[in-house]
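Student: Below are the structure tokens for one structure; questions will follow.
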Amino acid sequence: MTEKPLTAASRADALDTSVPHSARLWNYLLGGKDNFAADRQAAEQVLAYMPELVQSARFNRDFLGRAVRHLAGEAGIRQFLDIGTGLPTANNTHEVAQATAPESRVVYVDNDPMVLVHARALLTSSPQGATDYIEADLRDPDRILTEASRTLDFGQPIAVMLLGIVNFIVDDDEAVRIVRRLVEAVPAGSYLVVSHPTREVNPDAVDRALAMWNEGGAATMSIRTPQEIARFFDGLELLEPGLVTCSRWRPDGNDTTPTSEYGAVARKTA
């Protein structure tokens with residue numbers, strides 16, 4: 001008997017809406033509507049300790065936009081591998097990249113079945129470019145790389161985007177190993193973009209919020225120091241201003257309020 005393949009509809013039926021999920025919680029923080037009561041309740045509980053989390057989510061999203069604009073514009077990157085993309089919102093990676101370079105090719109990766117349901121919104125590419133969606137887990141980088149090769153040319157530079165996702169790999173050595181596997185697979189001239197929560201701002205509130213999430217969330221999460229996050233960029237050339245709070249990475253506005261989310265962009269030179 002052949003197993004029936006999982007479609008978007010069948011995956012939607014399998015959704016456990018009673019447990020908060022990071023993609024849906026983040027969607028709620030960004031003002032989206034693709035979330036459930038459990039996600040909203042978890043978000044409000046965290047916000048009771050960290051009201052600045054809404055601003056942090058916005059700054060993280062803005063960081064993505066600035067990084068992609070720089071890479072598609074000044075750096076000339078035409079391929080993006082966005083892992084842990086989350087639910088579609090405004091200014092998704094392919095929209096930002098293709099606004100600068102319509103021929104850009106973007107592959108999205110996520111393991112949340114609800115993201116699969118909404119994948120059509122991520123697949124509306126420009127005629128000159130291409131988009132694809134892979135349902136996979138960051139813990140399986142080889143599968144991601146194999147499936148991404150349907151759309152991306154691994155002989156040409158690729159920007160590997162890991163925004164707010166490596167923190168769900170709790171073991172430090174495993175997280176470094178996974179990131180290095182992804183970086184090893186792309187050629188010189190490629191880039192790595194990472195954002196990750198820290199305790200640098202309001203550490204007591206961060207610890208309380210982390211404990212609350214890990215008690216009731218669908219996946220445990222880790223907070224790392226900037227020094228620990230910097231390990232992901234070993235052997236790469238960090239772009240100025242280096243690893244900083246996301247609001248201060250090449251800001252295009254006046255609001256550079258520091259948040260607990262840190263980010264950086266680095267180039268693979270060899």
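Numbering starts fresh at 1 for the residues of each chain in the structure tokens, the chains themselves are lettered A, B, ... in the order given, and ligands are numbered from 1 as they appear.
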Output as a PyMOL selection string all residues of region 1-215 of chain A that backbone DSSP marks as helix (DSSP H, G or I).

Tutor: chain A and resi 8-13+22-29+37-49+53-73+93-100+113-117+119-122+141-148+166-168+172-184+203-215

Student: Store the residues of this selection in a file with C-alpha atoms, as a tab-separated table (two decimals), in the first residue's frame.

Tutor:
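Everything below was put into out_24.tsv:
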```tsv
chain	number	residue	atom	x	y	z
A	8	ALA	CA	-0.91	21.48	2.19
A	9	ALA	CA	-4.45	20.56	3.16
A	10	SER	CA	-3.48	17.38	4.99
A	11	ARG	CA	-0.65	19.17	6.78
A	12	ALA	CA	-3.10	21.85	7.86
A	13	ASP	CA	-5.30	19.13	9.34
A	22	SER	CA	7.57	30.36	17.10
A	23	ALA	CA	6.56	31.22	13.51
A	24	ARG	CA	2.99	32.01	14.54
A	25	LEU	CA	4.06	33.86	17.69
A	26	TRP	CA	6.43	35.99	15.58
A	27	ASN	CA	3.59	36.59	13.13
A	28	TYR	CA	1.46	37.90	16.01
A	29	LEU	CA	4.25	40.20	17.21
A	37	ALA	CA	-5.14	31.55	20.67
A	38	ALA	CA	-2.23	29.55	22.11
A	39	ASP	CA	0.25	31.67	20.16
A	40	ARG	CA	-1.37	34.92	21.25
A	41	GLN	CA	-1.54	33.82	24.87
A	42	ALA	CA	2.12	32.80	24.88
A	43	ALA	CA	3.09	36.08	23.23
A	44	GLU	CA	1.19	38.14	25.79
A	45	GLN	CA	2.79	36.20	28.65
A	46	VAL	CA	6.24	36.90	27.25
A	47	LEU	CA	5.36	40.54	26.58
A	48	ALA	CA	4.43	40.94	30.24
A	49	TYR	CA	8.15	40.49	30.97
A	53	LEU	CA	9.79	42.22	22.13
A	54	VAL	CA	7.41	43.79	19.60
A	55	GLN	CA	10.06	46.36	18.74
A	56	SER	CA	12.72	43.64	18.65
A	57	ALA	CA	10.65	41.63	16.16
A	58	ARG	CA	10.28	44.69	13.94
A	59	PHE	CA	13.98	45.53	14.14
A	60	ASN	CA	14.85	41.93	13.23
A	61	ARG	CA	12.57	42.11	10.19
A	62	ASP	CA	14.05	45.46	9.19
A	63	PHE	CA	17.54	43.98	9.52
A	64	LEU	CA	16.57	41.26	7.06
A	65	GLY	CA	15.41	43.88	4.58
A	66	ARG	CA	18.57	45.97	4.85
A	67	ALA	CA	20.81	42.91	4.58
A	68	VAL	CA	19.02	41.60	1.49
A	69	ARG	CA	19.01	45.03	-0.18
A	70	HIS	CA	22.75	45.34	0.41
A	71	LEU	CA	23.46	41.84	-0.88
A	72	ALA	CA	21.26	42.14	-3.97
A	73	GLY	CA	22.45	45.68	-4.63
A	93	THR	CA	13.19	38.02	1.06
A	94	HIS	CA	12.25	37.45	-2.59
A	95	GLU	CA	10.26	40.70	-2.71
A	96	VAL	CA	13.19	42.73	-1.38
A	97	ALA	CA	15.77	40.97	-3.56
A	98	GLN	CA	13.71	41.07	-6.75
A	99	ALA	CA	12.85	44.74	-6.25
A	100	THR	CA	16.59	45.38	-6.70
A	113	PRO	CA	3.06	22.99	8.48
A	114	MET	CA	1.23	26.31	8.62
A	115	VAL	CA	4.04	27.94	6.64
A	116	LEU	CA	3.53	25.27	3.98
A	117	VAL	CA	-0.16	26.17	3.82
A	119	ALA	CA	3.69	28.94	0.81
A	120	ARG	CA	1.86	30.25	-2.25
A	121	ALA	CA	2.46	33.78	-0.99
A	122	LEU	CA	6.19	33.01	-0.97
A	141	PRO	CA	21.23	20.53	6.31
A	142	ASP	CA	22.10	17.88	3.73
A	143	ARG	CA	18.45	17.49	2.74
A	144	ILE	CA	18.08	21.26	2.55
A	145	LEU	CA	21.11	21.56	0.30
A	146	THR	CA	20.01	18.71	-1.95
A	147	GLU	CA	16.50	20.08	-2.45
A	148	ALA	CA	17.68	23.68	-2.79
A	166	VAL	CA	19.77	28.91	15.04
A	167	ASN	CA	18.60	29.68	18.59
A	168	PHE	CA	16.34	26.62	18.29
A	172	ASP	CA	26.23	24.93	20.86
A	173	ASP	CA	28.48	22.48	19.03
A	174	GLU	CA	25.60	21.11	16.97
A	175	ALA	CA	24.55	24.64	16.01
A	176	VAL	CA	28.07	25.50	14.87
A	177	ARG	CA	28.34	22.22	12.95
A	178	ILE	CA	25.09	22.85	11.08
A	179	VAL	CA	26.01	26.41	10.15
A	180	ARG	CA	29.45	25.31	8.97
A	181	ARG	CA	27.91	22.56	6.83
A	182	LEU	CA	25.76	25.15	5.08
A	183	VAL	CA	28.67	27.55	4.60
A	184	GLU	CA	30.94	24.78	3.30
A	203	PRO	CA	18.90	40.06	30.82
A	204	ASP	CA	16.57	39.25	33.73
A	205	ALA	CA	13.50	39.72	31.54
A	206	VAL	CA	15.09	37.67	28.76
A	207	ASP	CA	15.75	34.80	31.17
A	208	ARG	CA	12.18	34.85	32.50
A	209	ALA	CA	10.73	34.97	28.99
A	210	LEU	CA	13.03	32.15	27.88
A	211	ALA	CA	11.99	29.95	30.80
A	212	MET	CA	8.32	30.61	30.05
A	213	TRP	CA	8.75	29.73	26.37
A	214	ASN	CA	10.72	26.57	27.05
A	215	GLU	CA	8.05	25.36	29.47
```

Student: Residues near region 253-262 of chain A, anyone? I mean within 8 Å using only C-alpha atoms, not counting same-chain ones fewer than 3 positions away, as a PyMOL selection string.

Tutor: chain A and resi 52+55-56+60+195-202+226+243-248

Student: For the selection you just gave me, I'd like the residues written to a file as a PDB file, in the first residue's frame, keeping N, CA and C atoms.

Tutor:
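New file part.pdb:
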```pdb
ATOM      1  N   GLU A  52       9.338  45.099  25.105  1.00  0.00           N
ATOM      2  CA  GLU A  52      10.147  45.545  23.971  1.00  0.00           C
ATOM      3  C   GLU A  52      10.257  44.485  22.884  1.00  0.00           C
ATOM      4  N   GLN A  55       9.072  45.539  19.430  1.00  0.00           N
ATOM      5  CA  GLN A  55      10.064  46.359  18.738  1.00  0.00           C
ATOM      6  C   GLN A  55      11.224  45.503  18.242  1.00  0.00           C
ATOM      7  N   SER A  56      11.631  44.527  19.050  1.00  0.00           N
ATOM      8  CA  SER A  56      12.720  43.643  18.654  1.00  0.00           C
ATOM      9  C   SER A  56      12.359  42.849  17.405  1.00  0.00           C
ATOM     10  N   ASN A  60      14.296  43.125  13.868  1.00  0.00           N
ATOM     11  CA  ASN A  60      14.849  41.929  13.233  1.00  0.00           C
ATOM     12  C   ASN A  60      14.387  41.830  11.781  1.00  0.00           C
ATOM     13  N   SER A 195      20.738  36.285  12.616  1.00  0.00           N
ATOM     14  CA  SER A 195      20.281  37.051  13.780  1.00  0.00           C
ATOM     15  C   SER A 195      19.961  36.058  14.883  1.00  0.00           C
ATOM     16  N   HIS A 196      20.181  36.497  16.134  1.00  0.00           N
ATOM     17  CA  HIS A 196      20.088  35.562  17.262  1.00  0.00           C
ATOM     18  C   HIS A 196      19.830  36.356  18.540  1.00  0.00           C
ATOM     19  N   PRO A 197      18.942  35.860  19.419  1.00  0.00           N
ATOM     20  CA  PRO A 197      18.695  36.566  20.675  1.00  0.00           C
ATOM     21  C   PRO A 197      19.865  36.435  21.649  1.00  0.00           C
ATOM     22  N   THR A 198      20.059  37.486  22.446  1.00  0.00           N
ATOM     23  CA  THR A 198      21.109  37.529  23.461  1.00  0.00           C
ATOM     24  C   THR A 198      20.507  38.008  24.786  1.00  0.00           C
ATOM     25  N   ARG A 199      21.363  38.091  25.791  1.00  0.00           N
ATOM     26  CA  ARG A 199      20.979  38.665  27.084  1.00  0.00           C
ATOM     27  C   ARG A 199      21.551  40.069  27.253  1.00  0.00           C
ATOM     28  N   GLU A 200      22.001  40.681  26.179  1.00  0.00           N
ATOM     29  CA  GLU A 200      22.717  41.950  26.289  1.00  0.00           C
ATOM     30  C   GLU A 200      21.817  43.095  26.743  1.00  0.00           C
ATOM     31  N   VAL A 201      20.528  42.998  26.495  1.00  0.00           N
ATOM     32  CA  VAL A 201      19.577  44.033  26.901  1.00  0.00           C
ATOM     33  C   VAL A 201      18.539  43.380  27.813  1.00  0.00           C
ATOM     34  N   ASN A 202      18.367  43.947  29.010  1.00  0.00           N
ATOM     35  CA  ASN A 202      17.349  43.463  29.951  1.00  0.00           C
ATOM     36  C   ASN A 202      17.486  41.958  30.209  1.00  0.00           C
ATOM     37  N   PRO A 226      27.099  37.313  22.541  1.00  0.00           N
ATOM     38  CA  PRO A 226      27.675  37.715  21.257  1.00  0.00           C
ATOM     39  C   PRO A 226      28.923  36.907  20.905  1.00  0.00           C
ATOM     40  N   LEU A 243      29.108  42.310  14.367  1.00  0.00           N
ATOM     41  CA  LEU A 243      27.981  41.715  15.095  1.00  0.00           C
ATOM     42  C   LEU A 243      27.461  42.733  16.098  1.00  0.00           C
ATOM     43  N   VAL A 244      26.269  43.238  15.850  1.00  0.00           N
ATOM     44  CA  VAL A 244      25.695  44.310  16.667  1.00  0.00           C
ATOM     45  C   VAL A 244      24.208  44.049  16.876  1.00  0.00           C
ATOM     46  N   THR A 245      23.598  44.808  17.785  1.00  0.00           N
ATOM     47  CA  THR A 245      22.153  44.738  17.918  1.00  0.00           C
ATOM     48  C   THR A 245      21.530  45.079  16.567  1.00  0.00           C
ATOM     49  N   CYS A 246      20.492  44.344  16.184  1.00  0.00           N
ATOM     50  CA  CYS A 246      19.972  44.427  14.814  1.00  0.00           C
ATOM     51  C   CYS A 246      19.621  45.849  14.391  1.00  0.00           C
ATOM     52  N   SER A 247      19.157  46.652  15.328  1.00  0.00           N
ATOM     53  CA  SER A 247      18.755  48.018  14.985  1.00  0.00           C
ATOM     54  C   SER A 247      19.933  48.875  14.554  1.00  0.00           C
ATOM     55  N   ARG A 248      21.155  48.447  14.856  1.00  0.00           N
ATOM     56  CA  ARG A 248      22.339  49.253  14.552  1.00  0.00           C
ATOM     57  C   ARG A 248      23.171  48.672  13.415  1.00  0.00           C
TER      58      ARG A 248
END
```

Student: Any chance you could list, as a list of chain:residue names, the residues in region 29-186 of chain A that come up strand (DSSP E) when DSSP is run on the backbone?

Tutor: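 Strand (DSSP E) members of region 29-186 of chain A, listed: A:Gln79, A:Phe80, A:Leu81, A:Asp82, A:Ile83, A:Arg105, A:Val106, A:Val107, A:Tyr108, A:Val109, A:Asp110, A:Ala130, A:Thr131, A:Asp132, A:Tyr133, A:Ile134, A:Glu135, A:Ala159, A:Val160, A:Met161, A:Leu162, A:Leu163.
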
Student: As an exercise, work out the distance from CA of Tyr108 (chain A) to CA of Ser126 (chain A) in Å and give it to one decimal place.

Tutor: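 CA of Ser126 (chain A) lies 15.4 Å from CA of Tyr108 (chain A).
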
Student: Need the shell around Leu123 (chain A): protein/DNA/RNA residues with any atom at most 8 Å away, counting only C-alpha atoms. Skip same-chain ones fewer than 6 positions apart. Format as a tab-separated table (two decimals) with N, CA and C atoms, in the first residue's frame?

Tutor:
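Written output follows (result-v3.tsv):
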```tsv
chain	number	residue	atom	x	y	z
A	130	ALA	N	13.10	33.33	-9.67
A	130	ALA	CA	12.45	32.08	-9.28
A	130	ALA	C	12.38	32.01	-7.76
A	131	THR	N	11.34	31.34	-7.26
A	131	THR	CA	11.25	31.04	-5.83
A	131	THR	C	10.84	29.58	-5.68
A	132	ASP	N	11.22	29.01	-4.54
A	132	ASP	CA	10.82	27.64	-4.22
A	132	ASP	C	10.67	27.55	-2.71
A	133	TYR	N	9.96	26.52	-2.26
A	133	TYR	CA	9.74	26.30	-0.83
A	133	TYR	C	10.06	24.85	-0.51
```

Student: I want to know what sits within 10 Å of Ile158 (chain A), based on only C-alpha atoms, with residues of the same chain fewer than 5 positions away left out; could you give that as a PyMOL selection string?

Tutor: chain A and resi 71+77-81+105-106+152-153+183+185-192+268

Student: How about saving the chosen residues, N, CA and C atoms kept, as a short mmCIF file (atom, residue, chain, number, x, y, z; two decimals), in the first residue's frame?

Tutor:
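To be explicit, this is the file written out as selection07.cif:
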```
data_model
loop_
_atom_site.label_atom_id
_atom_site.label_comp_id
_atom_site.auth_asym_id
_atom_site.auth_seq_id
_atom_site.Cartn_x
_atom_site.Cartn_y
_atom_site.Cartn_z
N LEU A 71 22.91 42.98 -0.15
CA LEU A 71 23.46 41.84 -0.88
C LEU A 71 23.03 41.83 -2.34
N ILE A 77 24.60 39.78 -5.18
CA ILE A 77 24.12 38.41 -4.95
C ILE A 77 22.77 38.23 -5.64
N ARG A 78 22.61 37.09 -6.29
CA ARG A 78 21.38 36.79 -7.02
C ARG A 78 20.69 35.51 -6.53
N GLN A 79 21.24 34.90 -5.47
CA GLN A 79 20.65 33.67 -4.95
C GLN A 79 20.59 33.74 -3.43
N PHE A 80 19.45 33.33 -2.87
CA PHE A 80 19.23 33.41 -1.43
C PHE A 80 18.61 32.11 -0.94
N LEU A 81 19.17 31.58 0.14
CA LEU A 81 18.63 30.39 0.82
C LEU A 81 18.18 30.84 2.20
N ARG A 105 16.96 34.55 -7.37
CA ARG A 105 16.36 33.24 -7.11
C ARG A 105 16.40 33.00 -5.60
N VAL A 106 15.25 32.63 -5.03
CA VAL A 106 15.12 32.51 -3.57
C VAL A 106 14.48 31.17 -3.22
N LEU A 152 18.68 26.63 -6.97
CA LEU A 152 19.90 27.42 -6.83
C LEU A 152 21.08 26.72 -7.48
N ASP A 153 21.98 27.52 -8.05
CA ASP A 153 23.21 27.02 -8.65
C ASP A 153 24.31 27.15 -7.62
N VAL A 183 27.68 26.63 5.17
CA VAL A 183 28.67 27.55 4.60
C VAL A 183 29.65 26.79 3.71
N ALA A 185 29.04 24.41 1.83
CA ALA A 185 28.38 23.99 0.58
C ALA A 185 28.30 25.10 -0.46
N VAL A 186 28.55 26.35 -0.05
CA VAL A 186 28.43 27.47 -0.99
C VAL A 186 29.82 27.96 -1.36
N PRO A 187 29.98 28.54 -2.55
CA PRO A 187 31.32 28.92 -3.02
C PRO A 187 31.80 30.24 -2.43
N ALA A 188 33.07 30.53 -2.66
CA ALA A 188 33.63 31.83 -2.27
C ALA A 188 32.81 32.94 -2.91
N GLY A 189 32.65 34.03 -2.18
CA GLY A 189 31.81 35.12 -2.65
C GLY A 189 30.40 35.04 -2.10
N SER A 190 30.09 33.94 -1.41
CA SER A 190 28.78 33.78 -0.77
C SER A 190 28.76 34.53 0.56
N TYR A 191 27.57 34.63 1.14
CA TYR A 191 27.41 35.37 2.40
C TYR A 191 26.59 34.55 3.40
N LEU A 192 26.84 34.84 4.68
CA LEU A 192 26.05 34.27 5.78
C LEU A 192 25.42 35.42 6.54
N LYS A 268 32.12 34.87 2.61
CA LYS A 268 33.04 33.75 2.48
C LYS A 268 34.07 34.12 1.43
#
```

Student: When you draw a straight line from CA of Asp140 (chain A) to CA of Pro157 (chain A), how long is it in Å?

Tutor: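 Straight-line distance from CA of Asp140 (chain A) to CA of Pro157 (chain A) works out to 21.4 Å.
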
Student: One number please: CA of Gly32 (chain A) to CA of Thr89 (chain A), in Å, one decimal.

Tutor: 7.2 Å

Student: Hey, which of A:Leu87, A:Leu163, A:Ile223, A:Val170 ends up closest to Gly31 (chain A)? Count only C-alpha atoms.

Tutor: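 The answer is A:Leu87, which sits nearest to Gly31 (chain A).
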
Student: Pick out the closest residue to Pro102 (chain A) from this set: A:Gly76, A:His118, A:Asn35, A:Gly129. Count only C-alpha atoms.

Tutor: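 For Pro102 (chain A), the nearest of the given residues is A:Gly129.
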